[in-house]
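Dropping data_3.cif in here (mmCIF, C-alpha atoms):
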```cif
data_structure
#
loop_
_atom_site.group_PDB
_atom_site.id
_atom_site.type_symbol
_atom_site.label_atom_id
_atom_site.label_comp_id
_atom_site.auth_asym_id
_atom_site.auth_seq_id
_atom_site.Cartn_x
_atom_site.Cartn_y
_atom_site.Cartn_z
ATOM 1 C CA MET A 1 149.949 10.886 8.511
ATOM 2 C CA LYS A 2 149.728 13.967 10.659
ATOM 3 C CA THR A 3 147.348 15.892 8.387
ATOM 4 C CA ALA A 4 145.118 13.012 7.286
ATOM 5 C CA HIS A 5 142.282 14.416 9.392
ATOM 6 C CA LEU A 6 142.292 17.524 7.196
ATOM 7 C CA VAL A 7 141.724 15.567 3.982
ATOM 8 C CA ASP A 8 138.229 15.718 2.548
ATOM 9 C CA PRO A 9 136.484 12.687 4.127
ATOM 10 C CA GLU A 10 135.479 11.232 0.774
ATOM 11 C CA LEU A 11 139.098 11.385 -0.419
ATOM 12 C CA ARG A 12 140.712 9.784 2.640
ATOM 13 C CA PRO A 13 140.614 6.203 1.277
ATOM 14 C CA LEU A 14 142.852 7.386 -1.570
ATOM 15 C CA LEU A 15 145.672 8.008 0.895
ATOM 16 C CA ASP A 16 146.136 4.264 1.362
ATOM 17 C CA LEU A 17 146.438 3.815 -2.408
ATOM 18 C CA MET A 18 149.241 6.317 -2.842
ATOM 19 C CA PRO A 19 152.454 4.472 -3.696
ATOM 20 C CA GLU A 20 155.450 4.916 -1.459
ATOM 21 C CA ARG A 21 158.218 6.317 -3.637
ATOM 22 C CA VAL A 22 161.217 8.577 -3.628
ATOM 23 C CA LEU A 23 161.467 10.858 -6.631
ATOM 24 C CA ALA A 24 165.023 10.688 -7.964
ATOM 25 C CA ALA A 25 166.789 10.837 -11.316
ATOM 26 C CA SER A 26 167.442 7.089 -11.196
ATOM 27 C CA VAL A 27 163.732 6.207 -11.204
ATOM 28 C CA LEU A 28 162.570 8.717 -13.823
ATOM 29 C CA PRO A 29 163.056 6.507 -16.918
ATOM 30 C CA ALA A 30 160.938 3.698 -15.474
ATOM 31 C CA MET A 31 158.266 6.103 -14.184
ATOM 32 C CA ARG A 32 158.051 7.837 -17.556
ATOM 33 C CA GLU A 33 157.760 4.576 -19.461
ATOM 34 C CA GLN A 34 155.157 3.129 -17.103
ATOM 35 C CA ARG A 35 152.959 6.239 -17.233
ATOM 36 C CA GLN A 36 153.239 6.634 -20.992
ATOM 37 C CA THR A 37 152.437 2.971 -21.612
ATOM 38 C CA ALA A 38 149.348 3.209 -19.413
ATOM 39 C CA ALA A 39 148.235 6.379 -21.194
ATOM 40 C CA LEU A 40 148.641 4.843 -24.651
ATOM 41 C CA GLU A 41 146.732 1.733 -23.598
ATOM 42 C CA SER A 42 143.930 3.915 -22.267
ATOM 43 C CA LEU A 43 143.695 5.729 -25.592
ATOM 44 C CA LEU A 44 142.914 2.429 -27.302
ATOM 45 C CA GLN A 45 139.530 2.512 -25.565
ATOM 46 C CA ASP A 46 137.001 4.558 -27.522
ATOM 47 C CA ASP A 47 135.603 7.305 -25.297
ATOM 48 C CA GLY A 48 133.024 8.257 -27.924
ATOM 49 C CA LEU A 49 133.979 11.922 -27.944
ATOM 50 C CA PRO A 50 133.600 13.723 -31.297
ATOM 51 C CA VAL A 51 137.248 14.825 -31.527
ATOM 52 C CA THR A 52 140.216 14.119 -33.755
ATOM 53 C CA VAL A 53 143.845 13.938 -32.676
ATOM 54 C CA SER A 54 146.880 14.694 -34.820
ATOM 55 C CA GLN A 55 150.513 15.409 -34.092
ATOM 56 C CA HIS A 56 153.034 17.722 -35.680
ATOM 57 C CA HIS A 57 156.735 18.387 -35.277
ATOM 58 C CA ILE A 58 157.321 22.118 -35.351
ATOM 59 C CA SER A 59 160.396 24.312 -35.319
ATOM 60 C CA GLY A 60 161.830 24.883 -31.871
ATOM 61 C CA GLY A 61 163.719 27.912 -30.671
ATOM 62 C CA GLU A 62 167.133 28.947 -31.924
ATOM 63 C CA ASN A 63 169.529 25.950 -31.951
ATOM 64 C CA ALA A 64 166.774 23.811 -30.391
ATOM 65 C CA PRO A 65 165.323 20.549 -31.690
ATOM 66 C CA ALA A 66 161.857 20.239 -33.194
ATOM 67 C CA VAL A 67 158.966 20.270 -30.742
ATOM 68 C CA ARG A 68 156.158 17.719 -30.909
ATOM 69 C CA VAL A 69 152.665 19.094 -30.448
ATOM 70 C CA VAL A 70 149.416 17.160 -30.299
ATOM 71 C CA VAL A 71 146.339 18.894 -31.681
ATOM 72 C CA ILE A 72 142.917 17.899 -30.367
ATOM 73 C CA SER A 73 140.114 19.308 -32.525
ATOM 74 C CA PRO A 74 136.344 18.852 -32.923
ATOM 75 C CA GLN A 75 135.508 16.516 -35.787
ATOM 76 C CA HIS A 76 133.470 19.090 -37.698
ATOM 77 C CA GLU A 77 135.252 22.041 -39.266
ATOM 78 C CA ARG A 78 134.532 25.517 -38.042
ATOM 79 C CA LYS A 79 136.233 28.892 -37.902
ATOM 80 C CA GLY A 80 136.681 31.234 -34.982
ATOM 81 C CA ARG A 81 137.054 28.661 -32.237
ATOM 82 C CA MET A 82 138.710 29.259 -28.894
ATOM 83 C CA GLY A 83 142.266 27.928 -28.831
ATOM 84 C CA ILE A 84 144.007 26.525 -25.765
ATOM 85 C CA LEU A 85 147.724 25.862 -25.470
ATOM 86 C CA HIS A 86 147.815 23.026 -22.967
ATOM 87 C CA ILE A 87 150.983 22.385 -20.953
ATOM 88 C CA HIS A 88 151.063 19.107 -19.052
ATOM 89 C CA GLY A 89 152.110 18.678 -15.446
ATOM 90 C CA GLY A 90 154.623 16.346 -13.856
ATOM 91 C CA GLY A 91 156.959 18.376 -11.682
ATOM 92 C CA TYR A 92 158.979 19.453 -14.753
ATOM 93 C CA VAL A 93 160.338 15.880 -14.928
ATOM 94 C CA LEU A 94 157.348 13.730 -15.960
ATOM 95 C CA GLY A 95 154.306 13.822 -18.216
ATOM 96 C CA SER A 96 153.257 13.985 -21.859
ATOM 97 C CA PRO A 97 150.318 15.140 -23.998
ATOM 98 C CA GLU A 98 148.981 11.571 -24.086
ATOM 99 C CA GLN A 99 148.894 11.402 -20.304
ATOM 100 C CA SER A 100 146.738 14.543 -20.270
ATOM 101 C CA MET A 101 144.120 13.243 -22.714
ATOM 102 C CA PRO A 102 141.567 12.590 -19.931
ATOM 103 C CA LEU A 103 141.507 16.387 -19.579
ATOM 104 C CA THR A 104 142.174 17.676 -23.084
ATOM 105 C CA ARG A 105 139.833 15.443 -25.089
ATOM 106 C CA PRO A 106 136.692 16.192 -23.033
ATOM 107 C CA THR A 107 137.635 19.876 -22.806
ATOM 108 C CA THR A 108 137.813 20.074 -26.603
ATOM 109 C CA ALA A 109 134.405 18.422 -26.949
ATOM 110 C CA GLN A 110 132.858 20.389 -24.127
ATOM 111 C CA HIS A 111 133.772 23.816 -25.480
ATOM 112 C CA ASP A 112 133.972 23.070 -29.221
ATOM 113 C CA CYS A 113 137.522 24.440 -29.054
ATOM 114 C CA VAL A 114 140.956 23.445 -30.342
ATOM 115 C CA ILE A 115 143.690 22.370 -27.952
ATOM 116 C CA VAL A 116 147.377 22.244 -28.816
ATOM 117 C CA SER A 117 149.203 20.149 -26.218
ATOM 118 C CA VAL A 118 152.968 20.620 -26.208
ATOM 119 C CA ASP A 119 155.425 17.810 -25.570
ATOM 120 C CA TYR A 120 158.123 20.014 -24.073
ATOM 121 C CA ARG A 121 161.522 18.614 -23.176
ATOM 122 C CA LEU A 122 161.767 17.383 -19.600
ATOM 123 C CA ALA A 123 164.244 18.114 -16.832
ATOM 124 C CA PRO A 124 166.819 17.248 -15.646
ATOM 125 C CA GLU A 125 167.955 16.330 -19.177
ATOM 126 C CA THR A 126 166.752 19.735 -20.379
ATOM 127 C CA PRO A 127 166.654 22.359 -17.621
ATOM 128 C CA PHE A 128 165.317 25.914 -17.873
ATOM 129 C CA PRO A 129 164.947 27.653 -20.275
ATOM 130 C CA GLY A 130 164.567 24.727 -22.704
ATOM 131 C CA PRO A 131 161.090 23.558 -21.650
ATOM 132 C CA LEU A 132 159.722 27.109 -21.597
ATOM 133 C CA GLU A 133 161.188 27.875 -25.020
ATOM 134 C CA ASP A 134 159.456 24.754 -26.353
ATOM 135 C CA CYS A 135 156.155 26.097 -25.030
ATOM 136 C CA TYR A 136 156.815 29.502 -26.582
ATOM 137 C CA ALA A 137 157.592 27.853 -29.926
ATOM 138 C CA ALA A 138 154.273 25.996 -29.699
ATOM 139 C CA LEU A 139 152.421 29.241 -28.985
ATOM 140 C CA ILE A 140 154.077 30.951 -31.966
ATOM 141 C CA TRP A 141 153.182 28.009 -34.231
ATOM 142 C CA MET A 142 149.625 27.857 -32.905
ATOM 143 C CA THR A 143 149.092 31.557 -33.556
ATOM 144 C CA ALA A 144 150.626 31.375 -37.035
ATOM 145 C CA GLN A 145 148.436 28.374 -37.872
ATOM 146 C CA ALA A 146 145.289 29.814 -36.298
ATOM 147 C CA GLU A 147 143.323 30.052 -39.545
ATOM 148 C CA ALA A 148 144.230 26.516 -40.629
ATOM 149 C CA LEU A 149 143.356 25.208 -37.162
ATOM 150 C CA GLY A 150 140.029 27.063 -37.122
ATOM 151 C CA ILE A 151 141.102 29.214 -34.175
ATOM 152 C CA ASP A 152 140.277 32.834 -33.463
ATOM 153 C CA PRO A 153 143.767 34.255 -32.715
ATOM 154 C CA ALA A 154 142.202 36.778 -30.323
ATOM 155 C CA HIS A 155 140.934 33.919 -28.139
ATOM 156 C CA ILE A 156 144.022 31.827 -27.442
ATOM 157 C CA GLY A 157 144.799 31.072 -23.805
ATOM 158 C CA VAL A 158 147.030 28.807 -21.756
ATOM 159 C CA MET A 159 146.022 25.937 -19.514
ATOM 160 C CA GLY A 160 148.057 23.703 -17.249
ATOM 161 C CA ASP A 161 148.276 21.702 -14.048
ATOM 162 C CA SER A 162 151.048 21.845 -11.458
ATOM 163 C CA ALA A 163 154.383 22.331 -13.256
ATOM 164 C CA GLY A 164 152.424 22.765 -16.497
ATOM 165 C CA ALA A 165 150.516 25.599 -14.879
ATOM 166 C CA GLY A 166 153.815 27.033 -13.675
ATOM 167 C CA LEU A 167 155.095 26.962 -17.243
ATOM 168 C CA ALA A 168 151.835 28.542 -18.415
ATOM 169 C CA ALA A 169 152.250 31.404 -15.937
ATOM 170 C CA SER A 170 155.876 31.865 -16.993
ATOM 171 C CA LEU A 171 154.848 31.771 -20.647
ATOM 172 C CA ALA A 172 152.334 34.558 -20.019
ATOM 173 C CA LEU A 173 155.181 36.688 -18.627
ATOM 174 C CA LEU A 174 157.547 35.756 -21.447
ATOM 175 C CA THR A 175 155.162 36.522 -24.302
ATOM 176 C CA ARG A 176 154.165 39.799 -22.638
ATOM 177 C CA ASP A 177 157.793 40.892 -22.334
ATOM 178 C CA ARG A 178 158.835 39.694 -25.789
ATOM 179 C CA GLY A 179 155.869 41.332 -27.451
ATOM 180 C CA GLY A 180 154.657 37.923 -28.590
ATOM 181 C CA PRO A 181 151.086 36.723 -29.087
ATOM 182 C CA THR A 182 148.568 38.264 -26.694
ATOM 183 C CA LEU A 183 146.964 35.628 -24.492
ATOM 184 C CA ALA A 184 143.259 35.774 -23.671
ATOM 185 C CA PHE A 185 143.410 33.877 -20.372
ATOM 186 C CA GLN A 186 145.357 31.675 -17.969
ATOM 187 C CA ASN A 187 143.690 28.542 -16.589
ATOM 188 C CA LEU A 188 145.936 27.304 -13.791
ATOM 189 C CA MET A 189 145.297 24.302 -11.571
ATOM 190 C CA TYR A 190 147.571 24.294 -8.496
ATOM 191 C CA PRO A 191 150.446 25.977 -10.352
ATOM 192 C CA MET A 192 154.069 25.331 -9.360
ATOM 193 C CA LEU A 193 155.215 28.941 -9.241
ATOM 194 C CA ASP A 194 157.842 29.573 -6.606
ATOM 195 C CA ASP A 195 161.144 27.781 -6.043
ATOM 196 C CA ARG A 196 161.470 29.589 -2.711
ATOM 197 C CA THR A 197 158.829 27.275 -1.239
ATOM 198 C CA VAL A 198 161.667 24.750 -1.070
ATOM 199 C CA THR A 199 163.692 26.953 1.286
ATOM 200 C CA ASP A 200 160.830 28.584 3.221
ATOM 201 C CA PRO A 201 162.044 28.997 6.831
ATOM 202 C CA ASN A 202 158.474 28.955 8.132
ATOM 203 C CA PRO A 203 156.632 26.332 6.058
ATOM 204 C CA ASN A 204 152.888 25.867 6.327
ATOM 205 C CA PRO A 205 152.426 22.985 8.799
ATOM 206 C CA VAL A 206 149.336 21.566 7.082
ATOM 207 C CA THR A 207 150.438 21.440 3.437
ATOM 208 C CA GLY A 208 152.571 19.105 1.374
ATOM 209 C CA GLU A 209 152.217 15.778 3.152
ATOM 210 C CA PHE A 210 150.449 13.954 0.325
ATOM 211 C CA SER A 211 150.941 13.364 -3.409
ATOM 212 C CA TRP A 212 153.555 16.111 -4.004
ATOM 213 C CA THR A 213 155.758 16.508 -0.955
ATOM 214 C CA ARG A 214 158.447 18.981 0.024
ATOM 215 C CA GLU A 215 161.049 16.383 -0.957
ATOM 216 C CA ASP A 216 159.436 16.015 -4.384
ATOM 217 C CA ASN A 217 159.371 19.780 -4.737
ATOM 218 C CA ARG A 218 163.055 20.085 -3.921
ATOM 219 C CA PHE A 219 163.906 17.467 -6.529
ATOM 220 C CA GLY A 220 161.635 18.990 -9.189
ATOM 221 C CA TRP A 221 162.997 22.502 -8.798
ATOM 222 C CA HIS A 222 166.618 21.349 -8.681
ATOM 223 C CA ALA A 223 166.055 19.351 -11.876
ATOM 224 C CA TYR A 224 164.395 22.263 -13.646
ATOM 225 C CA LEU A 225 166.762 25.006 -12.532
ATOM 226 C CA GLY A 226 169.906 22.917 -12.837
ATOM 227 C CA HIS A 227 170.970 24.008 -9.364
ATOM 228 C CA GLU A 228 169.583 24.490 -5.879
ATOM 229 C CA ALA A 229 166.297 26.335 -5.433
ATOM 230 C CA GLY A 230 165.962 29.551 -3.475
ATOM 231 C CA LEU A 231 169.126 31.226 -4.716
ATOM 232 C CA PRO A 232 169.135 34.954 -5.502
ATOM 233 C CA ASP A 233 168.490 36.254 -9.009
ATOM 234 C CA ILE A 234 166.538 33.267 -10.340
ATOM 235 C CA SER A 235 164.648 34.345 -13.446
ATOM 236 C CA CYS A 236 160.940 35.067 -13.219
ATOM 237 C CA TYR A 237 160.602 33.067 -16.439
ATOM 238 C CA ALA A 238 161.795 30.039 -14.459
ATOM 239 C CA ALA A 239 159.634 30.748 -11.407
ATOM 240 C CA ALA A 240 156.759 33.110 -12.185
ATOM 241 C CA ALA A 241 156.377 34.151 -8.554
ATOM 242 C CA ARG A 242 159.775 35.871 -8.864
ATOM 243 C CA ALA A 243 158.308 38.469 -11.262
ATOM 244 C CA GLU A 244 158.186 41.962 -9.798
ATOM 245 C CA ASP A 245 155.706 43.306 -12.361
ATOM 246 C CA LEU A 246 152.526 41.307 -12.961
ATOM 247 C CA SER A 247 150.649 44.034 -14.805
ATOM 248 C CA GLY A 248 149.363 43.447 -18.300
ATOM 249 C CA LEU A 249 148.926 39.711 -17.856
ATOM 250 C CA PRO A 250 145.804 37.890 -19.059
ATOM 251 C CA PRO A 251 142.889 37.135 -16.714
ATOM 252 C CA ALA A 252 143.527 34.106 -14.549
ATOM 253 C CA TRP A 253 141.575 31.283 -12.980
ATOM 254 C CA ILE A 254 143.561 29.551 -10.239
ATOM 255 C CA GLY A 255 142.430 26.536 -8.230
ATOM 256 C CA VAL A 256 144.239 24.729 -5.415
ATOM 257 C CA GLY A 257 143.463 22.424 -2.498
ATOM 258 C CA SER A 258 143.750 23.655 1.074
ATOM 259 C CA ILE A 259 146.457 21.116 1.967
ATOM 260 C CA ASP A 260 148.332 21.279 -1.342
ATOM 261 C CA LEU A 261 151.988 22.255 -0.963
ATOM 262 C CA PHE A 262 151.424 25.086 -3.453
ATOM 263 C CA LEU A 263 148.599 26.697 -1.472
ATOM 264 C CA ASP A 264 150.588 29.600 -0.037
ATOM 265 C CA GLU A 265 152.461 30.466 -3.217
ATOM 266 C CA ASN A 266 149.174 30.326 -5.171
ATOM 267 C CA ILE A 267 147.417 32.618 -2.691
ATOM 268 C CA ASP A 268 150.274 35.091 -2.851
ATOM 269 C CA TYR A 269 150.406 35.035 -6.649
ATOM 270 C CA ALA A 270 146.649 35.572 -6.931
ATOM 271 C CA ARG A 271 146.841 38.480 -4.485
ATOM 272 C CA ARG A 272 149.668 40.095 -6.438
ATOM 273 C CA LEU A 273 147.864 39.625 -9.748
ATOM 274 C CA ILE A 274 144.810 41.358 -8.301
ATOM 275 C CA ARG A 275 146.932 44.237 -6.991
ATOM 276 C CA ALA A 276 148.429 44.558 -10.483
ATOM 277 C CA GLY A 277 144.973 44.984 -11.989
ATOM 278 C CA VAL A 278 144.652 41.488 -13.451
ATOM 279 C CA PRO A 279 141.169 39.900 -13.217
ATOM 280 C CA VAL A 280 141.459 36.785 -11.059
ATOM 281 C CA GLU A 281 139.074 34.031 -10.033
ATOM 282 C CA PHE A 282 140.618 32.036 -7.204
ATOM 283 C CA SER A 283 139.231 28.852 -5.672
ATOM 284 C CA ILE A 284 140.477 26.953 -2.630
ATOM 285 C CA TYR A 285 139.101 23.440 -2.173
ATOM 286 C CA PRO A 286 138.902 22.397 1.501
ATOM 287 C CA GLY A 287 140.615 19.098 2.155
ATOM 288 C CA GLY A 288 142.132 18.866 -1.320
ATOM 289 C CA PHE A 289 145.688 17.577 -1.691
ATOM 290 C CA HIS A 290 147.791 17.901 -4.851
ATOM 291 C CA GLY A 291 146.016 16.127 -7.710
ATOM 292 C CA PHE A 292 142.763 15.693 -5.774
ATOM 293 C CA ASN A 293 140.702 16.536 -8.873
ATOM 294 C CA GLY A 294 141.920 13.585 -10.910
ATOM 295 C CA ASP A 295 138.908 11.331 -10.418
ATOM 296 C CA PRO A 296 135.396 12.739 -10.956
ATOM 297 C CA ALA A 297 133.947 10.023 -8.736
ATOM 298 C CA TYR A 298 134.480 12.388 -5.799
ATOM 299 C CA ALA A 299 132.322 15.429 -5.114
ATOM 300 C CA LEU A 300 135.223 17.786 -4.375
ATOM 301 C CA ALA A 301 136.902 16.774 -7.631
ATOM 302 C CA ARG A 302 133.692 17.312 -9.580
ATOM 303 C CA ARG A 303 133.275 20.778 -8.104
ATOM 304 C CA ALA A 304 136.823 21.789 -8.979
ATOM 305 C CA ARG A 305 136.567 20.370 -12.486
ATOM 306 C CA LYS A 306 133.282 22.153 -13.140
ATOM 307 C CA GLN A 307 134.538 25.505 -11.880
ATOM 308 C CA ARG A 308 137.627 25.186 -14.050
ATOM 309 C CA GLN A 309 135.511 24.447 -17.110
ATOM 310 C CA ASP A 310 133.099 27.259 -16.260
ATOM 311 C CA ALA A 311 136.043 29.646 -16.258
ATOM 312 C CA LEU A 312 137.058 28.457 -19.720
ATOM 313 C CA ALA A 313 133.499 28.887 -20.983
ATOM 314 C CA GLY A 314 133.640 32.570 -20.117
ATOM 315 C CA PHE A 315 136.392 33.113 -22.698
ATOM 316 C CA ASN A 316 134.835 31.056 -25.497
ATOM 317 C CA PRO A 317 133.744 33.363 -28.337
ATOM 318 C CA LEU A 318 131.335 30.716 -29.644
ATOM 319 C CA ARG A 319 129.880 30.105 -26.171
ATOM 320 C CA HIS A 320 129.534 26.392 -26.849
ATOM 321 C CA TYR A 321 129.349 24.311 -23.707
ATOM 322 C CA HIS A 322 128.475 20.638 -23.432
ATOM 323 C CA ASP A 323 128.729 18.710 -20.192
ATOM 324 C CA PHE A 324 131.077 15.756 -20.635
ATOM 325 C CA GLY A 325 131.665 15.156 -16.948
ATOM 326 C CA LEU A 326 134.500 17.599 -16.454
#
```
Please re-express this file's structure in structure tokens.
Amino acid sequence: MKTAHLVDPELRPLLDLMPERVLAASVLPAMREQRQTAALESLLQDDGLPVTVSQHHISGGENAPAVRVVVISPQHERKGRMGILHIHGGGYVLGSPEQSMPLTRPTTAQHDCVIVSVDYRLAPETPFPGPLEDCYAALIWMTAQAEALGIDPAHIGVMGDSAGAGLAASLALLTRDRGGPTLAFQNLMYPMLDDRTVTDPNPNPVTGEFSWTREDNRFGWHAYLGHEAGLPDISCYAAAARAEDLSGLPPAWIGVGSIDLFLDENIDYARRLIRAGVPVEFSIYPGGFHGFNGDPAYALARRARKQRQDALAGFNPLRHYHDFGL
């Protein structure tokens, strides 16, 4: 572990708990089932939060199947709430709304907002643009149903982690260019933005050793694109960092650890957003690897989680904010 000394000291014991695995198509079914089963079992435990959860199957894009969305709402009815379209992470090949409940349920309670979490189709079974079109369909539905959901349509933003944050960034570009719903903000935790990181001839020597490696990244991008990463003319809607014009995008909060594989692409994207006139808050967490913020038992994780939630609070028209440990 050549970069273990750079890991936040409090997080170093977690390195020994990381399972040794090789991400490949053959292991995806078992990984998906194991993670979903664990998430569903966790949901059986009452967390005491004053939220309700419902699911809907909505129309997908043209010639596409229905899309499942999970709506997390405060128990008491109210109009004019902030709405968040949440897009889960998982390298484009893993994840579900249920697996993101440790984030979405407390966020709903904390901000008295409504979250729509989209169960987009996963790669490699469904490569780009299928997953992104599922997210766009969810945004269209969410906006159309804003009154029924108690959402202020002028305060709908996107939120995601890793590949989910990459999809959120791509969705912001897509809805801008299609003339779709105007987004109020982007809340992006270590977004997966640039397929060219796979083929970088001069890779950062201190990033990508833990949690999400360069090998994982190569597999994830190949699965999502349906071909090798780094080729010319890949759509900016597949890899947001490919976009030449970042003007007119919603304000962004971006957070990433200093030894996360996505550090360099996140820095570059934040810089380009700023140069395009987009308000950006950018946080780098020293000693943080990919996914470091998962457990609030650690100080660095707590700081990242709080700053992320503080950024959301700034866009909440009702300015409700309760501390539920995020």
Just so the selection is clear, what residues does the PyMOL selection byres ((chain A and resi 141) around 12) cover here, as a ChimeraX atom specification?
/A:56-61,66-69,71,85,116-118,134-140,142-149,153,180-181
Distance cut-off 6 Å, centre (141.8, 28.0, -23.7) in file coordinates, counting only C-alpha atoms: which residues qualify? Return them as a PyMOL selection string.
chain A and resi 83-84+156-158
With distances taken over all atoms listed in the file, which residue among A:Ala172, A:Leu263, A:Ala64, A:Leu249 lies nearest Pro129 in chain A?
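Residue with the minimum atom-to-atom distance to Pro129 in chain A: A:Ala64.
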Would you please work out which residue, of A:Arg242, A:His86, A:Arg214, A:Arg271, is nearest to Phe185 in chain A when using all atoms listed in the file?
A:His86
Taking the file as I've supplied it (selection: the PyMOL selection byres ((chain A and resi 28-35) around 12)), which residues are included? Please answer as JSON, numbers by chain.
{"A": [21, 22, 23, 24, 25, 26, 27, 36, 37, 38, 39, 40, 41, 42, 90, 91, 92, 93, 94, 95, 96, 97, 98, 99, 100, 122, 123, 124, 125, 219, 220, 223]}
